[in-house]
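Just entry.txt here, compact mmCIF, N, CA and C atoms:
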# COMPACT_ATOMS: atom_id res chain seq x y z
N MET I 176 0.85 -1.17 0.00
CA MET I 176 0.00 0.00 0.00
C MET I 176 0.90 1.23 0.00
N ASN I 177 0.59 2.15 -0.85
CA ASN I 177 1.38 3.37 -0.97
C ASN I 177 0.75 4.46 -0.12
N ILE I 178 1.08 4.50 1.15
CA ILE I 178 0.51 5.49 2.05
C ILE I 178 1.44 6.69 2.12
N GLN I 179 0.92 7.82 1.74
CA GLN I 179 1.69 9.05 1.70
C GLN I 179 1.52 9.81 3.01
N PRO I 180 2.50 10.61 3.37
CA PRO I 180 2.36 11.43 4.58
C PRO I 180 1.32 12.52 4.37
N ARG I 181 0.87 13.07 5.47
CA ARG I 181 -0.07 14.18 5.40
C ARG I 181 0.62 15.39 4.78
N ILE I 182 -0.14 16.16 4.03
CA ILE I 182 0.39 17.34 3.36
C ILE I 182 -0.39 18.55 3.86
N ASP I 183 0.31 19.60 4.24
CA ASP I 183 -0.35 20.83 4.66
C ASP I 183 -0.36 21.78 3.47
N ASP I 184 -1.53 21.95 2.87
CA ASP I 184 -1.64 22.80 1.69
C ASP I 184 -2.46 24.05 1.98
N GLY I 185 -2.49 24.48 3.23
CA GLY I 185 -3.24 25.67 3.59
C GLY I 185 -4.63 25.38 4.12
N ILE I 186 -5.11 24.13 3.95
CA ILE I 186 -6.44 23.78 4.47
C ILE I 186 -6.31 22.84 5.66
N GLY I 187 -5.12 22.73 6.18
CA GLY I 187 -4.88 21.82 7.29
C GLY I 187 -4.23 20.55 6.78
N ASN I 188 -3.94 19.65 7.69
CA ASN I 188 -3.31 18.40 7.30
C ASN I 188 -4.32 17.50 6.61
N VAL I 189 -3.96 17.04 5.42
CA VAL I 189 -4.83 16.18 4.62
C VAL I 189 -4.01 15.00 4.14
N GLU I 190 -4.54 13.80 4.33
CA GLU I 190 -3.85 12.61 3.83
C GLU I 190 -4.09 12.50 2.33
N THR I 191 -3.13 11.94 1.63
CA THR I 191 -3.29 11.66 0.22
C THR I 191 -4.42 10.65 0.05
N LEU I 192 -5.27 10.87 -0.93
CA LEU I 192 -6.38 9.96 -1.19
C LEU I 192 -5.87 8.60 -1.64
N TRP I 193 -6.60 7.55 -1.27
CA TRP I 193 -6.25 6.20 -1.67
C TRP I 193 -6.97 5.83 -2.95
N CYS I 194 -6.33 5.02 -3.77
CA CYS I 194 -6.99 4.45 -4.94
C CYS I 194 -7.66 3.13 -4.50
N ALA I 195 -8.42 2.54 -5.40
CA ALA I 195 -9.12 1.30 -5.08
C ALA I 195 -8.15 0.20 -4.68
N ARG I 196 -7.00 0.15 -5.32
CA ARG I 196 -6.01 -0.88 -4.97
C ARG I 196 -5.57 -0.75 -3.52
N ASP I 197 -5.33 0.50 -3.07
CA ASP I 197 -4.92 0.74 -1.69
C ASP I 197 -5.99 0.29 -0.71
N VAL I 198 -7.24 0.64 -1.01
CA VAL I 198 -8.34 0.28 -0.12
C VAL I 198 -8.56 -1.22 -0.10
N ALA I 199 -8.50 -1.84 -1.28
CA ALA I 199 -8.66 -3.29 -1.36
C ALA I 199 -7.60 -3.99 -0.51
N GLU I 200 -6.38 -3.51 -0.58
CA GLU I 200 -5.30 -4.09 0.22
C GLU I 200 -5.55 -3.86 1.71
N PHE I 201 -5.95 -2.65 2.07
CA PHE I 201 -6.21 -2.32 3.47
C PHE I 201 -7.33 -3.20 4.05
N LEU I 202 -8.39 -3.41 3.26
CA LEU I 202 -9.54 -4.19 3.73
C LEU I 202 -9.40 -5.69 3.46
N ASN I 203 -8.36 -6.07 2.72
CA ASN I 203 -8.14 -7.46 2.34
C ASN I 203 -9.33 -8.03 1.55
N VAL I 204 -9.77 -7.23 0.56
CA VAL I 204 -10.81 -7.66 -0.37
C VAL I 204 -10.29 -7.39 -1.78
N SER I 205 -10.98 -7.92 -2.78
CA SER I 205 -10.56 -7.68 -4.15
C SER I 205 -11.06 -6.32 -4.64
N GLN I 206 -10.42 -5.82 -5.69
CA GLN I 206 -10.89 -4.58 -6.29
C GLN I 206 -12.27 -4.78 -6.90
N ALA I 207 -12.57 -6.00 -7.35
CA ALA I 207 -13.91 -6.29 -7.89
C ALA I 207 -14.96 -6.16 -6.79
N THR I 208 -14.62 -6.58 -5.59
CA THR I 208 -15.55 -6.43 -4.46
C THR I 208 -15.81 -4.95 -4.19
N LEU I 209 -14.76 -4.15 -4.19
CA LEU I 209 -14.93 -2.71 -4.00
C LEU I 209 -15.83 -2.11 -5.08
N SER I 210 -15.62 -2.52 -6.31
CA SER I 210 -16.44 -2.04 -7.42
C SER I 210 -17.91 -2.39 -7.20
N ARG I 211 -18.15 -3.63 -6.78
CA ARG I 211 -19.53 -4.05 -6.50
C ARG I 211 -20.12 -3.24 -5.36
N TRP I 212 -19.34 -3.03 -4.31
CA TRP I 212 -19.82 -2.23 -3.18
C TRP I 212 -20.17 -0.81 -3.62
N ARG I 213 -19.36 -0.23 -4.52
CA ARG I 213 -19.67 1.12 -5.00
C ARG I 213 -21.01 1.12 -5.74
N ARG I 214 -21.22 0.12 -6.60
CA ARG I 214 -22.50 0.03 -7.34
C ARG I 214 -23.67 -0.15 -6.38
N GLU I 215 -23.47 -0.98 -5.35
CA GLU I 215 -24.55 -1.28 -4.41
C GLU I 215 -24.64 -0.26 -3.27
N LYS I 216 -23.70 0.69 -3.23
CA LYS I 216 -23.65 1.73 -2.21
C LYS I 216 -23.62 1.15 -0.79
N VAL I 217 -22.74 0.14 -0.61
CA VAL I 217 -22.64 -0.49 0.71
C VAL I 217 -21.23 -0.42 1.30
N GLY I 218 -20.25 -0.01 0.55
CA GLY I 218 -18.88 0.00 1.03
C GLY I 218 -18.49 1.33 1.63
N PRO I 219 -17.21 1.52 1.81
CA PRO I 219 -16.72 2.78 2.38
C PRO I 219 -17.02 3.95 1.43
N PRO I 220 -17.19 5.14 1.99
CA PRO I 220 -17.47 6.30 1.15
C PRO I 220 -16.30 6.59 0.20
N PHE I 221 -16.65 7.08 -0.98
CA PHE I 221 -15.63 7.39 -1.98
C PHE I 221 -16.05 8.64 -2.74
N LEU I 222 -15.12 9.18 -3.49
CA LEU I 222 -15.44 10.30 -4.35
C LEU I 222 -14.84 10.05 -5.71
N GLN I 223 -15.39 10.72 -6.71
CA GLN I 223 -14.89 10.59 -8.07
C GLN I 223 -13.98 11.78 -8.37
N VAL I 224 -12.78 11.49 -8.79
CA VAL I 224 -11.82 12.53 -9.19
C VAL I 224 -11.46 12.23 -10.64
N GLY I 225 -11.98 13.04 -11.54
CA GLY I 225 -11.72 12.80 -12.96
C GLY I 225 -12.23 11.45 -13.42
N GLY I 226 -13.34 10.99 -12.86
CA GLY I 226 -13.92 9.70 -13.23
C GLY I 226 -13.28 8.51 -12.56
N ILE I 227 -12.33 8.75 -11.66
CA ILE I 227 -11.65 7.67 -10.95
C ILE I 227 -12.08 7.71 -9.49
N SER I 228 -12.40 6.55 -8.95
CA SER I 228 -12.81 6.47 -7.55
C SER I 228 -11.60 6.65 -6.64
N ARG I 229 -11.75 7.51 -5.68
CA ARG I 229 -10.71 7.76 -4.67
C ARG I 229 -11.36 7.71 -3.30
N TYR I 230 -10.54 7.38 -2.30
CA TYR I 230 -11.03 7.20 -0.95
C TYR I 230 -10.21 8.04 0.02
N ASN I 231 -10.90 8.68 0.95
CA ASN I 231 -10.23 9.40 2.03
C ASN I 231 -9.87 8.35 3.09
N PRO I 232 -8.59 8.19 3.39
CA PRO I 232 -8.19 7.15 4.35
C PRO I 232 -8.91 7.23 5.69
N SER I 233 -9.12 8.44 6.20
CA SER I 233 -9.81 8.55 7.50
C SER I 233 -11.26 8.11 7.38
N SER I 234 -11.90 8.33 6.24
CA SER I 234 -13.28 7.88 6.04
C SER I 234 -13.36 6.36 5.95
N VAL I 235 -12.35 5.76 5.31
CA VAL I 235 -12.32 4.29 5.22
C VAL I 235 -12.15 3.70 6.62
N ARG I 236 -11.25 4.28 7.40
CA ARG I 236 -11.05 3.79 8.78
C ARG I 236 -12.32 3.96 9.61
N ALA I 237 -13.00 5.09 9.45
CA ALA I 237 -14.25 5.34 10.19
C ALA I 237 -15.32 4.32 9.77
N TRP I 238 -15.38 4.00 8.48
CA TRP I 238 -16.34 3.01 8.00
C TRP I 238 -16.06 1.64 8.61
N VAL I 239 -14.78 1.27 8.69
CA VAL I 239 -14.40 0.00 9.31
C VAL I 239 -14.83 0.00 10.77
N ASN I 240 -14.54 1.08 11.50
CA ASN I 240 -14.92 1.15 12.91
C ASN I 240 -16.42 1.08 13.11
N ALA I 241 -17.17 1.76 12.28
CA ALA I 241 -18.64 1.75 12.39
C ALA I 241 -19.19 0.34 12.12
N ASN I 242 -18.63 -0.33 11.14
CA ASN I 242 -19.08 -1.69 10.84
C ASN I 242 -18.69 -2.68 11.92
N GLU I 243 -17.53 -2.47 12.51
CA GLU I 243 -17.09 -3.34 13.59
C GLU I 243 -18.03 -3.19 14.79
N GLN I 244 -18.40 -1.97 15.10
CA GLN I 244 -19.31 -1.74 16.23
C GLN I 244 -20.70 -2.26 15.95
N ALA I 245 -21.16 -2.15 14.70
CA ALA I 245 -22.49 -2.60 14.34
C ALA I 245 -22.60 -4.13 14.35
N HIS I 246 -21.49 -4.80 14.05
CA HIS I 246 -21.51 -6.26 13.95
C HIS I 246 -20.72 -6.94 15.06
N GLY I 247 -20.13 -6.14 15.94
CA GLY I 247 -19.27 -6.70 16.98
C GLY I 247 -20.03 -7.00 18.19

Could the structure of this file be written out as structure tokens, please?
Amino acid sequence: MNIQPRIDDGIGNVETLWCARDVAEFLNVSQATLSRWRREKVGPPFLQVGGISRYNPSSVRAWVNANEQAHG
């Protein structure tokens, strides 16, 4: 996983957005599963940047925590 350091660009510290490969690796699922989750609107929140799905790392972590609490 290519995790970049936080960058301060005047709006505060922001982590570099993850691509689907990064998220799939983090969650230990396939990229096809992520694609299906996006279609079904059941996976971690994402945004489109130039037609490419990107993920905010803190949002992915929050989604994992929320699901763990809901099913734990």

For atom C of I:Asp197 and atom CA of I:Lys216, determine how far apart the two atoms are, in Å to one decimal place.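 Interatomic distance, atom C of I:Asp197 to atom CA of I:Lys216: 17.8 Å.
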
Work out how far atom C of I:Arg213 is from atom C of I:Ser233, in Å to one decimal.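 So the two atoms, atom C of I:Ser233 and atom C of I:Arg213, lie 17.8 Å apart.
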
Can you work out which one of I:Val189, I:Leu202, I:Ala195, I:His246 has the shortest atom-to-atom distance to I:Ile227, counting only N, CA and C atoms?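 Looking at the shortest contact to I:Ile227, the residue is I:Ala195.
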
Taking the backbone alone, and naming residues the way the document does, which bits of chain I are helix (DSSP H, G or I) by DSSP, as an MDAnalysis selection string? chainID I and resid 195:202 206:215 232:246

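Note that atom CA of I:Gly225 and atom CA of I:Phe201 are 23.0 Å apart.
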
Edge lengths and centre in Å, axis-aligned, stretch 213-220 of chain I plus 8 Å each side, as AutoDock Vina command-line options:
--center_x -20.5 --center_y 2.7 --center_z -2.5 --size_x 24.3 --size_y 23.9 --size_z 25.7

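The shell of residues at most 7 Å from I:Ser228, with only C-alpha atoms counted and near chain neighbours (fewer than 4 positions) removed, consists of I:Cys194, I:Ala195, I:Phe221, I:Leu222, I:Gln223, I:Val224.
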
For I:Gly218: contacts at 7 Å, all atoms listed in the file, fewer than 6 positions along chain excluded, given as a list of chain:residue names: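 Contacts, with the query itself left out: I:Leu209, I:Arg211, I:Trp212, I:Trp238.
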
Which residue out of I:Arg214, I:Asn231, I:Arg236, I:Ala245 has the minimum interatomic distance to I:Thr191 when only N, CA and C atoms are used?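 Once distances to I:Thr191 are computed over only N, CA and C atoms, the minimum belongs to I:Asn231.
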
Would you please give, as a PDB file with N, CA and C atoms, in the frame of the given file, all residues of stretch 182-233 of chain I that DSSP assigns to strand (DSSP E) based on the backbone?
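Output (selection-v1.pdb):
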ATOM      1  N   ILE I 182      -0.140  16.160   4.030  1.00  0.00           N
ATOM      2  CA  ILE I 182       0.390  17.340   3.360  1.00  0.00           C
ATOM      3  C   ILE I 182      -0.390  18.550   3.860  1.00  0.00           C
ATOM      4  N   ASP I 183       0.310  19.600   4.240  1.00  0.00           N
ATOM      5  CA  ASP I 183      -0.350  20.830   4.660  1.00  0.00           C
ATOM      6  C   ASP I 183      -0.360  21.780   3.470  1.00  0.00           C
ATOM      7  N   ASN I 188      -3.940  19.650   7.690  1.00  0.00           N
ATOM      8  CA  ASN I 188      -3.310  18.400   7.300  1.00  0.00           C
ATOM      9  C   ASN I 188      -4.320  17.500   6.610  1.00  0.00           C
ATOM     10  N   VAL I 189      -3.960  17.040   5.420  1.00  0.00           N
ATOM     11  CA  VAL I 189      -4.830  16.180   4.620  1.00  0.00           C
ATOM     12  C   VAL I 189      -4.010  15.000   4.140  1.00  0.00           C
ATOM     13  N   LEU I 222     -15.120   9.180  -3.490  1.00  0.00           N
ATOM     14  CA  LEU I 222     -15.440  10.300  -4.350  1.00  0.00           C
ATOM     15  C   LEU I 222     -14.840  10.050  -5.710  1.00  0.00           C
ATOM     16  N   GLN I 223     -15.390  10.720  -6.710  1.00  0.00           N
ATOM     17  CA  GLN I 223     -14.890  10.590  -8.070  1.00  0.00           C
ATOM     18  C   GLN I 223     -13.980  11.780  -8.370  1.00  0.00           C
ATOM     19  N   VAL I 224     -12.780  11.490  -8.790  1.00  0.00           N
ATOM     20  CA  VAL I 224     -11.820  12.530  -9.190  1.00  0.00           C
ATOM     21  C   VAL I 224     -11.460  12.230 -10.640  1.00  0.00           C
ATOM     22  N   ILE I 227     -12.330   8.750 -11.660  1.00  0.00           N
ATOM     23  CA  ILE I 227     -11.650   7.670 -10.950  1.00  0.00           C
ATOM     24  C   ILE I 227     -12.080   7.710  -9.490  1.00  0.00           C
ATOM     25  N   SER I 228     -12.400   6.550  -8.950  1.00  0.00           N
ATOM     26  CA  SER I 228     -12.810   6.470  -7.550  1.00  0.00           C
ATOM     27  C   SER I 228     -11.600   6.650  -6.640  1.00  0.00           C
ATOM     28  N   ARG I 229     -11.750   7.510  -5.680  1.00  0.00           N
ATOM     29  CA  ARG I 229     -10.710   7.760  -4.670  1.00  0.00           C
ATOM     30  C   ARG I 229     -11.360   7.710  -3.300  1.00  0.00           C
TER      31      ARG I 229
END

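With only C-alpha atoms as the basis for measurement, I:Val235 is the residue among I:Val235, I:Val217, I:Val204, I:Ser210 that approaches I:Leu192 most closely.
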